[in-house]
Amino acid sequence: MASLFTRRATTRLRLAIVLTIAAMVGVPLFLMGWVRTPLERGEFQPVSQPIPFSHQIHVRGLRIDCRYCHYTVERAAYAGMPSTGTCVPCHKQVWLDGPWFAPVRQSLASGRPIEWNRVNQLPGFVYFDHAIHVNKGVGCESCHGRVDTMTTAVQVQPLTMGWCLDCHRQPAERLRPVAQMTVMGWSPPAGESRLALGRELMKRYHVRRMTDCTACHR
Amino acid sequence: MSDELRHGYWRSLAELAGAAGLREDAMREFPLGADAPPPGMARRTFMKLLGASAALAGLGACTRAPAEKILPYGRRMPELTPGTPLHYATSMVVGGYATGLLVESHEGRPTKVEGNPEHPASLGAAGVYEQASVLQLYDPYRARSARDGQTPLRWTDFARALHTMPGAEPGGTGVGLHFLMRPTSSPLTAALIGRIRERYPEARFHFHAPFDERAVAAASLALFGDVVMPQHDFTRARVVLALDSDFMGSGPFSLRYARDFASRRHSAIASTSGADAGQEMSRLYAVEGMWSPTGTLADHRLRVRAGAVASVAAAVLREVLRLRAGALQAGAVDAGAAVAGADAALVRDALAATAADAPAPRPWIEALARDLANASGSGIVIAGADQAPAVHALTFALNEVLGNVGSTVWYGTAPIFELGTESHDLGALVDAMRAGAVQTLVVASGNPVYDAPVDLDFTGALKSVRHAAYVGMYENETAAACRWFAPESHYLESWGDACAYDGTVSLIQPLIAPLYDTRTVDELLAVFAGTDGTGGNSAHGLLRESWRDRSGGTFEERQWEEMVGRGVAPDTRSARLSPRLRWPAFPPLIRATTRQTGHIELVFERDPRVYDGSFANNAWLQELPDPVTKVTWDNAAVLSPATAAKLNIESGDVIELSLDGREQRAPAFVLPGHADEAITIRLGYGREGAEEVARGIGSNAYRLRTRAAPYVGGPVEVARVLEGGRPLRHELATTQMHWRLQGRDIIRQATIDEYRRDPELTSAQNTRQPSLYDRYDYSKGDQWAMTIDLSKCIGCGACTVACQAENNIPVVGRDGVLKSREMHWLRIDRYFTGGEEDPAAVMQPMLCQHCEKAPCEYVCPVNATVHSEDGLNEMVYNRCVGTRFCSNNCPYKVRRFNWFDYNREIAETVKMVKNPDVTVRERGVMEKCSFCVQRIRRAQIEAQLEGRAVRDGEVVTACQQACPTQAIVFGSYTDPASSIVRSLSEKRAFTVLHELGTEPRVRYLARITNPNPELEERA
């Protein structure tokens, strides 16, 4: 009896079955892997800005403290973005007439803000508070990385809930003295371990392990 | 009687009768159809959407959140820290009187209204109108542009057009120029009116509001020879008689009175078990037809229709005088307080005539009179502003005779401008309009076409006015009848001033620049007052100038800044007057009451939610359940069960009310405890203007309201409306029957004597229940808890609206409420006790109880509701997948489900009212009371930054803040000196559904009443 289906058809069917099963397992696996890649989280991706502002020049070159521009970081939820007026005292001397500075000049003339593009973005249901973090000994660097080396600011941490919780569960290793908050590339004094110092700082600053959902989600 | 009633509490007549079907409904969490798709969506569309959304749902999760911009300020604002709200003092005017407020502003955007603790009318509380007013600011249906006919104008062009109208030409005398305004207490407005009168000597001003104080003014003018306003001190009142007066729920000083009354009562209850036991608790008698919030708190409530209140008051006065005479003979009292000899006979005759057939049992009157007389000098008799002059005269006389005047009651000058004069008579204006004497009519605010007495035919008269201009917030009925129209600013966009009821001058300060091209009424008047320059006539300039004038030029910048900052002008309370009561004027005044019996009377009341209709376009207020009927998005003709039975009417039947040949349809609502032979209908509904939210909702009772009978009309004829031989029905969207607690022992109540004898009455509901679950150690750190005092709650609903504003709670609309989809995190349950005809009422606010052993948490499959270390039952929106198991397992029925994306379709402006500190929830997510966790975390962070613990009173929940009687106490019980510990340790504290062992963090304080032992019929 001649076979009902050709040999090729059978092969195709087998292939289809195998591929379907592979897809059913593979696609979810791929997606689960994908959301764990830095690419998906937007890490290390340059964000274009209206002005080619370089943190490297300002922080490393000119040794300007973070808080000169991000002026509410110690007392408010938002770190604070500098108003246009903040640029002027120094830039009156230099660059103010340059073509890169057109948005600054326009903003100064009209009073309308410069539209920066956000680099470190949290979902709307997360209520992050800068003030409490920096006052408990979390340095800028811990989340924002070596800003002093960035010509264009990029996100360097995953900013996922798991990443937040790593620190919220075990804060000791990430703490530093509050006075060293804005120092880039800080390491503990010679002979002291990060963990031991962190434990001491936890006591000194009354740092608690905050894992209640409403600590961040309200 | 069904077993549900074994505790004697019931919620509606159908429940009392054990109606079939009701029990079945009660077993369901939501009524049938609650999960039905929105109307207008066919099954096919639904299936398509279902397929599409399933396909897209997966993809949606793969994309990143849209990129955000950061917009720093162009110029830094020194006072403003982005993300940290600021509070500014301002005032809101309702009915001409100011209530001081503090308004929260996020980066220049007002989001939440709170009371100003320094203001005498608020003391930190805020009522429903104030709370909801912030939504009105962002109302997308507000008028945005001035117009001449249909031609849009700019405001400045409108102002120029005003000057070309006859009578208003510069240099003219003002012949034919008339202004129609709302009654005002603003010193600035009064000054501007004075200037206009100087410039245009023939111009005329008229004042009209559907609810006014003309009756009080008339009585006081006749008896005292001057228009004075009675002022009261409830902190010192031992016996209070409220004659159809909702002094705690409505009126210009109600927030203050509620606080004063409740604080005295509470200190008496709290001291019961302590060393200073025996402090006298105040006793409240209420005489009223329709339930008012005040009436629900009364120790004795006499159910009397509004038209018969005068005769009850007369009977009380008569009895008091009789007691007085007896005491006089015994030489026990001061003769000065009694009626002078010559007038005594006349007064006695008049009282006898008025008090004849008073619909009150004689023992009741006698006991009340004795109680009042015993509390001589520390009692208060207070009458509702809507009652006839006779009742006010009787009230003045009662307080005089009882010796209350000078201690608990005194008189102050009337803050309302020209109250009691002819300018407050709309009839005079209409006559002038008919006679053709009005060339130009400028209507400033208000809505006279809608709310003027129907027999005046204001609309008809307006047609004979060639130049009619209207300035108001909406293109409403009056705007439609006027050729010229210009939009008015909201008070949160305005500078101005106004007086509180006690005369305190309160500042109105804007929180935001006008959203549209609008001006205030004062700026409109300035156009006529001749200050029409460039910039000189801004309300801010006018106000500064008027204060400089008032102070004689010694007013410094610093003083001004301080005054604006506090919102109150110091030392401006009106002086205590002691006018002499002229007894000869008394008899004719009380004889003037015409009493008719044997017919049904129609009572017009202000609505506790939309007031006179001016707040009708406010969706928060429309969805707020009425304090007693629990009707939302509607008004109804309310009547008693006996009257309904006599007329063969059931709740929900559409009835036709005929009064003086005018007819109006309204749905009936049968309410136990309402007076017989009377129908109460709330005004403010049936709007026909451009206010989309309000239009077509409810029934316009102004169509039956005449000049002669503004509050009580009759006889009214009532007929059921039939359609095709069957009664026409209108389903009222009530929250009444939803989320019933099925007759369990959830309310505890005792008299003060019972409580003193047995302070342990709730001890069985205070213990820990055995449990299989491990005990978590809740003794460290902050541990949040709340108490709610049932002795204080009047059910006004301020907490519900405050919660809605604070927590971004959406509005679901009438159809949503009909399907039990309402989203309020805090509801107020109203229970009746006693017989069907004359029950007592108890209010119980119900919110998430934050159970330590929460039934909702055990059943959530995705851990979206969990417990925090500090005792909060947390709801994590971003985890919730909407199984609704938690709601099903919640014994308190306080969880709310987002059936639809209620926030997606709101207008851009309405998005501005959202609190940025609280997540805006989307479809398919469960939500519930969070104990205002955003406020807790903010306070904790602030305390941590300052290196200290959270102080007592630092965290105030939105409901607690709004509550006028301070029935809600909140705090951490690990602080032994805190007010919450004091409150929790009161003997009468109990947990609701204690037998379930849920161990709630919310405790209720049993309701303690103080009935007169002589009248102990329903203790």
# chains A, B, ... in the order shown; residues from 1 in each chain; ligands from 1
call {"tool": "residues_around", "arguments": {"residues": "A:Ile64", "least_positions_apart": "2", "cutoff": "12 Å", "atoms": "only C-alpha atoms", "output": "PyMOL selection string"}}
result
chain A and resi 55-62+66-70+90+147-148+182-184
call {"tool": "write_last_selection", "arguments": {"atoms": "N, CA and C atoms", "output": "short mmCIF file (atom, residue, chain, number, x, y, z; two decimals), in the first residue's frame"}}
result
data_model
loop_
_atom_site.label_atom_id
_atom_site.label_comp_id
_atom_site.auth_asym_id
_atom_site.auth_seq_id
_atom_site.Cartn_x
_atom_site.Cartn_y
_atom_site.Cartn_z
N HIS A 55 29.53 65.36 32.51
CA HIS A 55 29.79 65.24 33.94
C HIS A 55 31.29 65.11 34.19
N GLN A 56 31.98 64.46 33.25
CA GLN A 56 33.41 64.23 33.45
C GLN A 56 34.15 65.55 33.65
N ILE A 57 33.86 66.51 32.76
CA ILE A 57 34.55 67.80 32.85
C ILE A 57 34.20 68.50 34.15
N HIS A 58 32.91 68.49 34.51
CA HIS A 58 32.48 69.26 35.67
C HIS A 58 32.89 68.61 36.98
N VAL A 59 32.80 67.27 37.04
CA VAL A 59 33.07 66.59 38.31
C VAL A 59 34.56 66.32 38.48
N ARG A 60 35.15 65.68 37.48
CA ARG A 60 36.56 65.35 37.62
C ARG A 60 37.43 66.57 37.33
N GLY A 61 37.14 67.23 36.19
CA GLY A 61 37.97 68.35 35.77
C GLY A 61 37.86 69.54 36.71
N LEU A 62 36.65 69.97 36.99
CA LEU A 62 36.47 71.21 37.74
C LEU A 62 36.21 70.97 39.22
N CYS A 66 28.59 67.37 43.62
CA CYS A 66 27.29 67.01 43.03
C CYS A 66 26.20 67.96 43.48
N ARG A 67 26.31 68.38 44.76
CA ARG A 67 25.22 69.14 45.36
C ARG A 67 25.15 70.58 44.89
N TYR A 68 26.18 71.01 44.13
CA TYR A 68 26.10 72.37 43.61
C TYR A 68 24.90 72.47 42.65
N CYS A 69 24.71 71.43 41.85
CA CYS A 69 23.59 71.45 40.91
C CYS A 69 22.38 70.68 41.46
N HIS A 70 22.65 69.48 42.01
CA HIS A 70 21.53 68.66 42.51
C HIS A 70 21.31 69.04 43.97
N CYS A 90 29.27 80.73 36.30
CA CYS A 90 30.53 80.32 35.71
C CYS A 90 30.54 80.56 34.21
N VAL A 147 30.11 58.76 37.92
CA VAL A 147 29.64 59.87 37.10
C VAL A 147 30.82 60.70 36.61
N ASP A 148 31.91 60.69 37.39
CA ASP A 148 33.05 61.53 37.02
C ASP A 148 33.77 61.04 35.77
N THR A 182 29.44 62.24 48.30
CA THR A 182 29.58 62.58 46.89
C THR A 182 30.93 62.16 46.31
N VAL A 183 31.77 61.52 47.15
CA VAL A 183 33.10 61.15 46.66
C VAL A 183 32.97 60.03 45.63
N MET A 184 33.67 60.19 44.52
CA MET A 184 33.65 59.17 43.48
C MET A 184 34.82 58.22 43.70
#
call {"tool": "residues_around", "arguments": {"residues": "B:Ala943", "least_positions_apart": "3", "cutoff": "12 Å", "atoms": "only C-alpha atoms", "output": "VMD selection string"}}
result
(chain A and resid 75 131 to 132 135 206) or (chain B and resid 782 936 to 940 946 to 952 954 to 955)
call {"tool": "write_last_selection", "arguments": {"atoms": "N, CA and C atoms", "output": "mmCIF file, in the first residue's frame"}}
result
data_model
loop_
_atom_site.group_PDB
_atom_site.id
_atom_site.type_symbol
_atom_site.label_atom_id
_atom_site.label_comp_id
_atom_site.auth_asym_id
_atom_site.auth_seq_id
_atom_site.Cartn_x
_atom_site.Cartn_y
_atom_site.Cartn_z
ATOM 1 N N ARG A 75 17.633 66.907 51.297
ATOM 2 C CA ARG A 75 16.443 67.229 52.073
ATOM 3 C C ARG A 75 15.140 66.893 51.373
ATOM 4 N N ALA A 131 16.710 61.884 49.797
ATOM 5 C CA ALA A 131 17.199 62.431 51.059
ATOM 6 C C ALA A 131 17.485 61.330 52.067
ATOM 7 N N ILE A 132 16.553 60.397 52.212
ATOM 8 C CA ILE A 132 16.735 59.390 53.244
ATOM 9 C C ILE A 132 17.919 58.491 52.900
ATOM 10 N N ASN A 135 21.280 60.423 53.524
ATOM 11 C CA ASN A 135 21.478 60.692 54.948
ATOM 12 C C ASN A 135 21.723 59.432 55.764
ATOM 13 N N HIS A 206 21.358 54.495 62.553
ATOM 14 C CA HIS A 206 20.086 53.791 62.792
ATOM 15 C C HIS A 206 19.495 53.264 61.483
ATOM 16 N N ASP B 782 7.198 51.987 65.143
ATOM 17 C CA ASP B 782 5.859 52.577 65.078
ATOM 18 C C ASP B 782 4.848 51.474 64.835
ATOM 19 N N ILE B 936 2.332 58.611 56.336
ATOM 20 C CA ILE B 936 3.133 57.935 57.357
ATOM 21 C C ILE B 936 4.594 57.913 56.930
ATOM 22 N N ARG B 937 4.849 57.474 55.693
ATOM 23 C CA ARG B 937 6.236 57.347 55.236
ATOM 24 C C ARG B 937 6.903 58.705 55.148
ATOM 25 N N ARG B 938 6.169 59.714 54.744
ATOM 26 C CA ARG B 938 6.743 61.067 54.673
ATOM 27 C C ARG B 938 7.179 61.509 56.077
ATOM 28 N N ALA B 939 6.287 61.287 57.064
ATOM 29 C CA ALA B 939 6.614 61.708 58.433
ATOM 30 C C ALA B 939 7.792 60.903 58.964
ATOM 31 N N GLN B 940 7.833 59.617 58.643
ATOM 32 C CA GLN B 940 8.945 58.782 59.120
ATOM 33 C C GLN B 940 10.262 59.240 58.519
ATOM 34 N N GLU B 946 15.843 64.042 60.812
ATOM 35 C CA GLU B 946 16.162 64.854 61.978
ATOM 36 C C GLU B 946 16.656 63.995 63.135
ATOM 37 N N GLY B 947 16.770 62.697 62.923
ATOM 38 C CA GLY B 947 17.318 61.807 63.934
ATOM 39 C C GLY B 947 16.457 61.684 65.179
ATOM 40 N N ARG B 948 15.144 61.529 64.989
ATOM 41 C CA ARG B 948 14.251 61.400 66.136
ATOM 42 C C ARG B 948 13.138 60.421 65.772
ATOM 43 N N ALA B 949 12.273 60.144 66.759
ATOM 44 C CA ALA B 949 11.124 59.291 66.490
ATOM 45 C C ALA B 949 9.973 60.158 65.977
ATOM 46 N N VAL B 950 8.996 59.505 65.322
ATOM 47 C CA VAL B 950 7.819 60.240 64.860
ATOM 48 C C VAL B 950 7.035 60.710 66.075
ATOM 49 N N ARG B 951 6.670 61.997 66.078
ATOM 50 C CA ARG B 951 5.960 62.537 67.229
ATOM 51 C C ARG B 951 4.474 62.229 67.151
ATOM 52 N N ASP B 952 3.837 62.211 68.299
ATOM 53 C CA ASP B 952 2.384 62.028 68.342
ATOM 54 C C ASP B 952 1.737 63.206 67.611
ATOM 55 N N GLU B 954 1.969 63.787 64.464
ATOM 56 C CA GLU B 954 2.688 64.167 63.250
ATOM 57 C C GLU B 954 2.062 63.517 62.016
ATOM 58 N N VAL B 955 1.560 62.297 62.195
ATOM 59 C CA VAL B 955 0.861 61.646 61.099
ATOM 60 C C VAL B 955 -0.634 61.832 61.332
#
call {"tool": "closest_atom_pairs", "arguments": {"of": "chain A", "to": "chain B", "cutoff": "7 Å", "atoms": "only C-alpha atoms", "output": "tab-separated table"}}
result
residue	atom	partner	partner_atom	distance
A:Ala76	CA	B:Thr84	CA	6.8
A:Ala77	CA	B:Gly83	CA	6.4
A:Tyr78	CA	B:Gly83	CA	6.3
A:Met81	CA	B:Pro72	CA	5.5
A:Pro82	CA	B:Pro72	CA	6.3
A:Ser83	CA	B:Tyr73	CA	5.0
A:Thr84	CA	B:Gly74	CA	5.1
A:Gly85	CA	B:Arg75	CA	6.0
A:Ser107	CA	B:Gly74	CA	6.3
A:Leu108	CA	B:Gly74	CA	6.8
A:Gly111	CA	B:Gly74	CA	4.8
A:Arg112	CA	B:Gly74	CA	5.3
A:Pro113	CA	B:Gly74	CA	4.6
A:Ile114	CA	B:Leu71	CA	6.2
A:Glu115	CA	B:Leu71	CA	5.3
A:Trp116	CA	B:Ile70	CA	5.1
A:Asn117	CA	B:Lys69	CA	4.6
A:Arg118	CA	B:Lys69	CA	5.4
A:Phe125	CA	B:Thr919	CA	5.6
A:Ile132	CA	B:Ile941	CA	6.3
A:Asn135	CA	B:Leu945	CA	6.7
A:Asp212	CA	B:Ser868	CA	5.3
A:Cys213	CA	B:Val876	CA	6.9
A:Thr214	CA	B:Glu874	CA	6.6
A:Ala215	CA	B:Arg937	CA	7.0
A:His217	CA	B:Val876	CA	6.8
A:Arg218	CA	B:Val918	CA	5.6
call {"tool": "closest_residue", "arguments": {"among": "B:Glu837, B:Glu723, B:Glu754, B:Asp607", "to": "B:Gly673", "atoms": "only C-alpha atoms"}}
result
B:Glu837
call {"tool": "select_by_dssp", "arguments": {"residues": "stretch 76-188 of chain A", "states": "strand (DSSP E or B)", "output": "short mmCIF file (atom, residue, chain, number, x, y, z; two decimals) with N, CA and C atoms, in the first residue's frame"}}
result
data_model
loop_
_atom_site.label_atom_id
_atom_site.label_comp_id
_atom_site.auth_asym_id
_atom_site.auth_seq_id
_atom_site.Cartn_x
_atom_site.Cartn_y
_atom_site.Cartn_z
N TRP A 116 15.55 68.29 29.61
CA TRP A 116 16.52 67.20 29.67
C TRP A 116 15.79 65.87 29.49
N ASN A 117 16.53 64.90 28.97
CA ASN A 117 15.94 63.56 28.88
C ASN A 117 16.39 62.74 30.08
N VAL A 138 24.23 56.13 51.94
CA VAL A 138 24.33 55.58 50.60
C VAL A 138 24.92 56.67 49.71
N LEU A 175 27.30 50.88 52.59
CA LEU A 175 27.28 52.16 53.30
C LEU A 175 28.65 52.81 53.35
#
